[in-house]
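Novice: Quick one: the structure is below, questions incoming.
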Amino acid sequence: MQIKTTDEILDNISAQAVIVFVVNKNFSHAWIKHKKALEALNFKGESEEAALLAEDGYIYIGCENLEADELRIAAAKAVKTLRQTSYKSAKIGSYIEKDGVISIGALIEGFILGSYEFTKYKSKTEPFNLEEIIVSTQSYSQNAISLEKMRYAKNNALIIANAANWAKEIVNTAPYDYTPVQMAGDAQKLASMDGVTCKVFDEKFLEEQKMGAFLAVNRASVHPPRLIHLTYMPKNPKKRVVFVGKGLTYDSGGLSLKPSDYMITMKADKSGGAAVMAILKGAAELKLPFEIHAIVGAAENMIGGNAYKPDDVLTAKNGKTIEVRNTDAEGRLVLADCLCYAQELKPDILIDMATLTGACVVALGEYTTGVMGYNDKLKHELYRAATQSGELVNALSFNRYLKKLLKSAVADISNISSSRYGGAITAALFLDNFIEEPYKDKWLHLDIAGPAYTEKEWGYNQSGASGAGVRMNLYWLINQKGDE
Ligand code: BES
Ligand code: ZN
Ligand code: ZN
């Protein structure tokens, strides 16, 4: 599906269908041609409400205000409605609240995010007839946008939304088909882009690097682990941002085996890794002026005679010893070694992303990412970017009492807390043990366990993977460019 932009007025554009948003329940706007028919259909103009008047080729979508995320949701609903028709082309005007670039960006992101479908394993799929959506600069409101600005918004929006969809495809893929080696292969493919290089390391390197925690997690898997290191290097980079992602291609829990109901969806435990790769891809396409690294700890947590065990003591890359009390708290072990590796790159900013704890989902709900770290300014910046992108985030604060709960009688630290409460924060505090003093203020941890994968659709997100973390971090990076 193509998105086209034009400064022709709507009436002069030829397309089989017209998309009209009913904004703020205002049915008297000149663009609304079927007031009576809509009344008869009981169409109220509420969010996510759609009416298809097929004879005239009109699609009306409820849009309660012109906020960016409301536009994304309305755009996605329009695509979903068009999916059921045979229309090949549709046109729409501009819906601008204040800033045209933000509004048009959100609209186009909504079209692309909403058009994603995971069909890899379906033997039959419904044909998707829609070939193009034409967006006109003609505006619904007093606020207008130039064609040049619209093209800038479109370029960014396509890159951001396609990056999120790319991450979804990885996360949705079944664990049999998506092993650490597969993940490394996808990373290597990105190296064909301008300025992007990729290094893939195997067990031998992990042993040389003394990554005893990472290696232990993968020991019972028939698939070998991989440490993936992607770099995007523009000319004269302004700063160095390092992303680290948890790439558990499957998390069975290990010997601390998950109950069967909880094991389902654990193919999504690679979401952090998929997100950091997608961010790097997006950043390279956006040609951002920053040096960006994406490091993925790709492994599989399985059971077997050689599995790592509760009671084992592991030594991480930085020499710290870890008492294993639960093999299902494996993500933090992989991340511990990857974070040590990441700091050797001397990052200006270090962001890790992981489906780390069920506790984060309990704390914040399924739709919200937990943000943890010491740097309040950085947390604020991310909050702003997340809001612009339509992703939900909430900060969870550290405290000295929770920190103490990771004490171990036999090793430097235990891999689980001694309390059942505050699990998202204690997991982050475990990671904190692997962040050296100069990087404490440069580090942010994002627990995406909730939004990364949900088994029901929400807003413009399909059932399954959502690409959590991709859009907010790309918005954050774009904002950094402006703040220079
Ligand atoms: N991958 C899980 C966390 C998870 C849970 C992600 C639900 C997405 C949805 C992680 O490895 C895990 O199992 N964590 C344990 C930690 C516990 C043993 C301290 C958990 O959350 O139960
Ligand atoms: Zn686990
Ligand atoms: Zn896990």
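Every chain in the structure tokens takes a letter, A first, then B, and so on in the order presented; its residues are numbered from 1, and the ligands are numbered from 1 following the presented order.
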What residues have any atom no more than 9 Å from ligand 3 when counting only C-alpha atoms and all ligand atoms, and can you list them as a list in words?
Specialist: Lys246, Gly247, Leu248, Tyr250, Asp251, Ser252, Gly253, Met266, Ala268, Asp269, Lys270, Asn301, Asp328, Ala329, Glu330, Gly331, Arg332, Ala354, Thr355, Leu356, Thr357 and Ala449 of chain A
Novice: Which residues, written as a CSV table (one decimal) with N, CA and C atoms, in the first residue's frame, have at least one atom at most 9 Å from region 221-234 of chain A, with only C-alpha atoms counted and residues fewer than 2 positions away on the same chain left out?
Specialist:
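Dumped everything to around.csv:
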```csv
chain,number,residue,atom,x,y,z
A,179,THR,N,15.4,-18.7,15.8
A,179,THR,CA,16.4,-19.0,16.8
A,179,THR,C,17.4,-17.8,16.9
A,180,PRO,N,18.3,-17.9,17.9
A,180,PRO,CA,19.3,-16.8,17.9
A,180,PRO,C,20.1,-16.7,16.6
A,181,VAL,N,20.3,-17.8,15.9
A,181,VAL,CA,21.1,-17.7,14.6
A,181,VAL,C,20.2,-17.0,13.6
A,183,MET,N,18.0,-14.7,14.2
A,183,MET,CA,18.0,-13.3,14.6
A,183,MET,C,19.2,-12.6,14.1
A,184,ALA,N,20.4,-13.3,14.3
A,184,ALA,CA,21.6,-12.8,13.8
A,184,ALA,C,21.6,-12.6,12.3
A,187,ALA,N,19.8,-9.5,11.5
A,187,ALA,CA,20.7,-8.3,11.8
A,187,ALA,C,21.7,-8.1,10.7
A,188,GLN,N,22.2,-9.2,10.2
A,188,GLN,CA,23.2,-9.1,9.2
A,188,GLN,C,22.7,-8.5,7.9
A,190,LEU,N,20.6,-6.1,7.8
A,190,LEU,CA,20.5,-4.7,7.9
A,190,LEU,C,21.9,-4.0,7.5
A,191,ALA,N,22.9,-4.8,7.5
A,191,ALA,CA,24.2,-4.2,7.2
A,191,ALA,C,24.4,-3.8,5.7
A,193,MET,N,22.5,-1.6,4.6
A,193,MET,CA,22.1,-0.1,4.6
A,193,MET,C,23.4,0.8,4.7
A,194,ASP,N,23.2,2.0,4.2
A,194,ASP,CA,24.3,3.0,4.3
A,194,ASP,C,24.7,3.2,5.7
A,195,GLY,N,26.0,3.1,6.0
A,195,GLY,CA,26.5,3.4,7.4
A,195,GLY,C,26.3,2.3,8.4
A,196,VAL,N,25.7,1.2,8.0
A,196,VAL,CA,25.4,0.1,9.0
A,196,VAL,C,26.4,-1.1,8.9
A,197,THR,N,26.9,-1.5,10.0
A,197,THR,CA,27.8,-2.7,10.0
A,197,THR,C,27.2,-3.6,11.1
A,198,CYS,N,27.5,-4.9,11.0
A,198,CYS,CA,27.0,-5.9,11.9
A,198,CYS,C,28.1,-6.9,12.3
A,199,LYS,N,28.2,-7.1,13.6
A,199,LYS,CA,29.1,-8.2,14.1
A,199,LYS,C,28.3,-9.2,14.8
A,200,VAL,N,28.5,-10.5,14.6
A,200,VAL,CA,27.8,-11.5,15.3
A,200,VAL,C,28.8,-12.4,16.0
A,201,PHE,N,28.6,-12.6,17.3
A,201,PHE,CA,29.6,-13.4,18.0
A,201,PHE,C,28.9,-14.7,18.5
A,202,ASP,N,29.7,-15.8,18.5
A,202,ASP,CA,29.2,-17.1,19.0
A,202,ASP,C,29.7,-17.4,20.4
A,203,GLU,N,29.5,-18.7,20.8
A,203,GLU,CA,29.8,-19.1,22.2
A,203,GLU,C,31.3,-18.9,22.5
A,205,PHE,N,33.3,-16.6,21.6
A,205,PHE,CA,33.6,-15.2,22.0
A,205,PHE,C,33.0,-15.0,23.4
A,206,LEU,N,31.8,-15.5,23.6
A,206,LEU,CA,31.2,-15.3,25.0
A,206,LEU,C,32.0,-15.9,26.1
A,214,PHE,N,25.3,-15.1,30.7
A,214,PHE,CA,24.6,-15.2,29.4
A,214,PHE,C,24.7,-16.7,28.9
A,215,LEU,N,25.9,-17.3,29.0
A,215,LEU,CA,26.2,-18.7,28.5
A,215,LEU,C,25.3,-19.7,29.3
A,217,VAL,N,22.4,-19.4,30.6
A,217,VAL,CA,21.0,-19.3,30.3
A,217,VAL,C,20.7,-20.2,29.0
A,218,ASN,N,21.7,-20.2,28.1
A,218,ASN,CA,21.4,-20.9,26.8
A,218,ASN,C,21.9,-22.4,26.9
A,219,ARG,N,22.5,-22.8,28.0
A,219,ARG,CA,23.2,-24.1,28.0
A,219,ARG,C,22.3,-25.3,27.6
A,236,ASN,N,30.5,12.4,11.1
A,236,ASN,CA,30.6,13.4,12.2
A,236,ASN,C,29.4,13.2,13.2
A,237,PRO,N,29.3,12.0,13.8
A,237,PRO,CA,28.2,11.8,14.7
A,237,PRO,C,28.3,12.8,15.9
A,277,MET,N,16.9,-3.7,17.2
A,277,MET,CA,17.3,-3.8,15.8
A,277,MET,C,16.5,-2.9,14.9
A,280,LEU,N,17.6,0.7,15.2
A,280,LEU,CA,18.8,1.0,14.5
A,280,LEU,C,18.4,1.1,13.0
A,281,LYS,N,17.6,0.2,12.5
A,281,LYS,CA,17.1,0.3,11.1
A,281,LYS,C,16.5,1.6,10.8
A,283,ALA,N,16.7,4.5,12.5
A,283,ALA,CA,17.7,5.6,12.6
A,283,ALA,C,18.6,5.7,11.4
A,284,ALA,N,18.9,4.6,10.8
A,284,ALA,CA,19.8,4.6,9.6
A,284,ALA,C,19.0,5.2,8.4
A,287,LYS,N,18.6,8.7,8.6
A,287,LYS,CA,19.9,9.4,8.5
A,287,LYS,C,20.2,10.3,9.7
A,288,LEU,N,19.9,9.8,10.9
A,288,LEU,CA,20.1,10.6,12.1
A,288,LEU,C,21.6,10.9,12.3
A,289,PRO,N,21.9,12.0,12.9
A,289,PRO,CA,23.4,12.4,13.0
A,289,PRO,C,24.0,11.8,14.3
A,290,PHE,N,23.6,10.6,14.7
A,290,PHE,CA,24.1,10.0,15.9
A,290,PHE,C,24.7,8.6,15.6
A,291,GLU,N,25.8,8.3,16.4
A,291,GLU,CA,26.3,7.0,16.3
A,291,GLU,C,25.4,6.1,17.2
A,292,ILE,N,24.9,5.0,16.5
A,292,ILE,CA,23.9,4.2,17.3
A,292,ILE,C,24.4,2.7,17.2
A,293,HIS,N,24.3,2.1,18.4
A,293,HIS,CA,24.6,0.7,18.5
A,293,HIS,C,23.4,-0.1,19.0
A,294,ALA,N,23.2,-1.2,18.4
A,294,ALA,CA,22.1,-2.1,18.9
A,294,ALA,C,22.8,-3.5,19.3
A,295,ILE,N,22.7,-3.8,20.5
A,295,ILE,CA,23.3,-5.0,21.0
A,295,ILE,C,22.2,-6.0,21.5
A,296,VAL,N,22.2,-7.2,21.0
A,296,VAL,CA,21.2,-8.1,21.3
A,296,VAL,C,21.8,-9.4,21.9
A,297,GLY,N,21.3,-9.7,23.1
A,297,GLY,CA,21.7,-11.0,23.7
A,297,GLY,C,20.6,-12.0,23.3
A,298,ALA,N,21.0,-12.8,22.2
A,298,ALA,CA,20.0,-13.8,21.7
A,298,ALA,C,20.3,-15.2,22.2
A,299,ALA,N,19.3,-15.7,22.9
A,299,ALA,CA,19.5,-17.0,23.6
A,299,ALA,C,18.1,-17.7,23.7
A,300,GLU,N,18.2,-19.0,24.2
A,300,GLU,CA,16.9,-19.7,24.4
A,300,GLU,C,17.0,-20.4,25.8
A,301,ASN,N,16.0,-20.2,26.6
A,301,ASN,CA,16.0,-20.7,28.0
A,301,ASN,C,15.2,-22.0,28.0
A,302,MET,N,15.9,-23.1,28.1
A,302,MET,CA,15.3,-24.4,28.0
A,302,MET,C,15.7,-25.4,29.1
A,303,ILE,N,15.1,-26.6,29.1
A,303,ILE,CA,15.4,-27.6,30.1
A,303,ILE,C,16.2,-28.7,29.5
A,304,GLY,N,16.9,-29.5,30.4
A,304,GLY,CA,17.7,-30.6,29.9
A,304,GLY,C,18.8,-31.0,30.9
A,306,ASN,N,21.8,-30.7,30.9
A,306,ASN,CA,22.9,-29.7,31.0
A,306,ASN,C,22.4,-28.3,31.4
A,307,ALA,N,21.1,-28.2,31.8
A,307,ALA,CA,20.5,-26.9,32.1
A,307,ALA,C,21.2,-26.3,33.3
A,338,CYS,N,25.5,-8.4,28.6
A,338,CYS,CA,25.4,-7.5,27.5
A,338,CYS,C,25.6,-6.0,27.9
```
Novice: Running DSSP on the backbone, which parts of region 84-147 of chain A land in strand (DSSP E), as a list in words?
Specialist: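 Matching residues, listed in order: Ser89, Ala90, Lys91, Ile92, Gly93, Ser94, Glu132, Ile133, Ile134, Val135, Ser136, Thr137, Gln138 and Ser139 of chain A.
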Novice: Which residue gives the smallest distance to Gly423 (chain A) among A:Gly482, A:Gly358, A:Gly114, A:Gly459, with only C-alpha atoms counted?
Specialist: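 Smallest separation from Gly423 (chain A) among the options: A:Gly358.
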Novice: Report, in Å to a single decimal, how far apart CA of Leu158 (chain A) and CA of Tyr121 (chain A) are.
Specialist: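 Pair CA of Tyr121 (chain A) / CA of Leu158 (chain A) returns 25.6 Å.
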Novice: List every residue of region 54-145 of chain A that has an atom at most 12 Å from any atom of region 375-395 of chain A, giving for each one its closest atom pair and the distance in Å to one decimal, counting only C-alpha atoms, sorted by chain and then by ascending residue number, as JSON lines.
Specialist:
```
{"residue": "A:Glu67", "atom": "CA", "partner": "A:Gln388", "partner_atom": "CA", "distance": 9.7}
{"residue": "A:Ala68", "atom": "CA", "partner": "A:Gln388", "partner_atom": "CA", "distance": 7.3}
{"residue": "A:Asp69", "atom": "CA", "partner": "A:Gly390", "partner_atom": "CA", "distance": 5.4}
{"residue": "A:Glu70", "atom": "CA", "partner": "A:Gly390", "partner_atom": "CA", "distance": 9.0}
{"residue": "A:Leu71", "atom": "CA", "partner": "A:Gly390", "partner_atom": "CA", "distance": 10.2}
{"residue": "A:Arg72", "atom": "CA", "partner": "A:Gly390", "partner_atom": "CA", "distance": 8.3}
{"residue": "A:Ile73", "atom": "CA", "partner": "A:Gly390", "partner_atom": "CA", "distance": 9.7}
{"residue": "A:Asp99", "atom": "CA", "partner": "A:Gln388", "partner_atom": "CA", "distance": 11.8}
{"residue": "A:Val101", "atom": "CA", "partner": "A:Gln388", "partner_atom": "CA", "distance": 11.5}
{"residue": "A:Ile102", "atom": "CA", "partner": "A:Gln388", "partner_atom": "CA", "distance": 8.0}
{"residue": "A:Ser103", "atom": "CA", "partner": "A:Gln388", "partner_atom": "CA", "distance": 10.1}
{"residue": "A:Gly105", "atom": "CA", "partner": "A:Ser389", "partner_atom": "CA", "distance": 9.6}
{"residue": "A:Ala106", "atom": "CA", "partner": "A:Ser389", "partner_atom": "CA", "distance": 7.9}
{"residue": "A:Leu107", "atom": "CA", "partner": "A:Ser389", "partner_atom": "CA", "distance": 11.4}
{"residue": "A:Glu109", "atom": "CA", "partner": "A:Ser389", "partner_atom": "CA", "distance": 9.3}
{"residue": "A:Gly110", "atom": "CA", "partner": "A:Gly390", "partner_atom": "CA", "distance": 10.2}
{"residue": "A:Leu113", "atom": "CA", "partner": "A:Gly390", "partner_atom": "CA", "distance": 11.7}
```
Novice: I need the residues of region 111-245 of chain A that end up classed as helix (DSSP H, G or I) by DSSP on the backbone, written out as a PyMOL selection string.
Specialist: chain A and resi 111-114+147-172+180-190+203-208+212-218
Novice: Do you have the CA of Gln2 (chain A)-CA of Ala161 (chain A) distance handy?
Specialist: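 Value for the CA of Gln2 (chain A)-CA of Ala161 (chain A) distance: 13.3 Å.
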Novice: Go through A:Phe111, A:Phe243, A:Tyr140, A:Tyr367 and flag the residue nearest Tyr453 (chain A), using only C-alpha atoms for the distances.
Specialist: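 Selected residue with least distance to Tyr453 (chain A): A:Tyr367.
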Novice: Mind checking which residues fall within 6 Å of Leu444 (chain A), counting only C-alpha atoms, ignoring those fewer than 4 positions away in the same chain, and posting them as a ChimeraX atom specification?
Specialist: /A:351,372-373
Novice: Quick one: residues within 8 Å of Val20 (chain A), only C-alpha atoms counted, chain neighbours fewer than 2 positions away excluded, as a list in words?
Specialist: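 That gives Val18, Val22, Trp31, Ile32, Tyr58, Ile59, Tyr60, Ile61, Ile92 and Gly93 of chain A.
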Novice: May I have the residues from that selection written out with N, CA and C atoms, as a CSV table (one decimal), in the first residue's frame?
Specialist:
```csv
chain,number,residue,atom,x,y,z
A,18,VAL,N,-13.6,7.9,-0.4
A,18,VAL,CA,-13.2,9.1,0.4
A,18,VAL,C,-13.3,8.7,1.9
A,22,VAL,N,-15.3,12.1,11.4
A,22,VAL,CA,-16.3,13.0,12.0
A,22,VAL,C,-15.7,13.4,13.4
A,31,TRP,N,-17.4,18.7,4.8
A,31,TRP,CA,-17.0,17.4,4.3
A,31,TRP,C,-18.0,16.2,4.5
A,32,ILE,N,-18.9,16.5,5.4
A,32,ILE,CA,-19.9,15.4,5.7
A,32,ILE,C,-21.1,15.5,4.8
A,58,TYR,N,-18.0,6.4,0.4
A,58,TYR,CA,-17.7,7.2,1.6
A,58,TYR,C,-17.4,6.3,2.8
A,59,ILE,N,-16.3,6.6,3.5
A,59,ILE,CA,-16.0,5.9,4.8
A,59,ILE,C,-15.9,7.0,5.9
A,60,TYR,N,-16.9,6.9,6.8
A,60,TYR,CA,-16.9,7.9,7.9
A,60,TYR,C,-16.3,7.2,9.2
A,61,ILE,N,-15.4,7.9,9.8
A,61,ILE,CA,-14.7,7.3,11.0
A,61,ILE,C,-14.9,8.3,12.2
A,92,ILE,N,-8.0,11.3,1.4
A,92,ILE,CA,-8.4,11.9,2.7
A,92,ILE,C,-7.8,13.3,2.7
A,93,GLY,N,-8.4,14.2,3.5
A,93,GLY,CA,-7.9,15.6,3.6
A,93,GLY,C,-7.0,15.6,4.9
```
Novice: Distance CA of Ala167 (chain A)-CA of Ala275 (chain A), one decimal place?
Specialist: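 Taking CA of Ala167 (chain A) as the start and CA of Ala275 (chain A) as the end point, the length is 5.8 Å.
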Novice: From the list A:Asn415, A:Asn26, A:Asn399, A:Ser115, which residue is nearest ligand 2 when using only C-alpha atoms and all ligand atoms?
Specialist: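 Result for the nearest residue to ligand 2: A:Asn415.
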Novice: With only C-alpha atoms as the basis for distance, which of A:Asn165, A:Gln16, A:Thr368, A:Ser256 is at the shortest distance from Gly464 (chain A)?
Specialist: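 Using only C-alpha atoms, Gly464 (chain A) sits closest to A:Asn165.
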Novice: Taking only C-alpha atoms and all ligand atoms into account, name the residue in A:Arg471, A:Lys258, A:Lys88, A:Lys320 that is nearest to ligand 2.
Specialist: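 Smallest distance to ligand 2 is found for A:Lys258.
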Novice: So that I can check the surroundings of Glu169 (chain A), please list as a count of residues only every protein, DNA and RNA residue that reaches within 12 Å of it, counting only C-alpha atoms and ignoring chain neighbours fewer than 3 positions away.
Specialist: 31
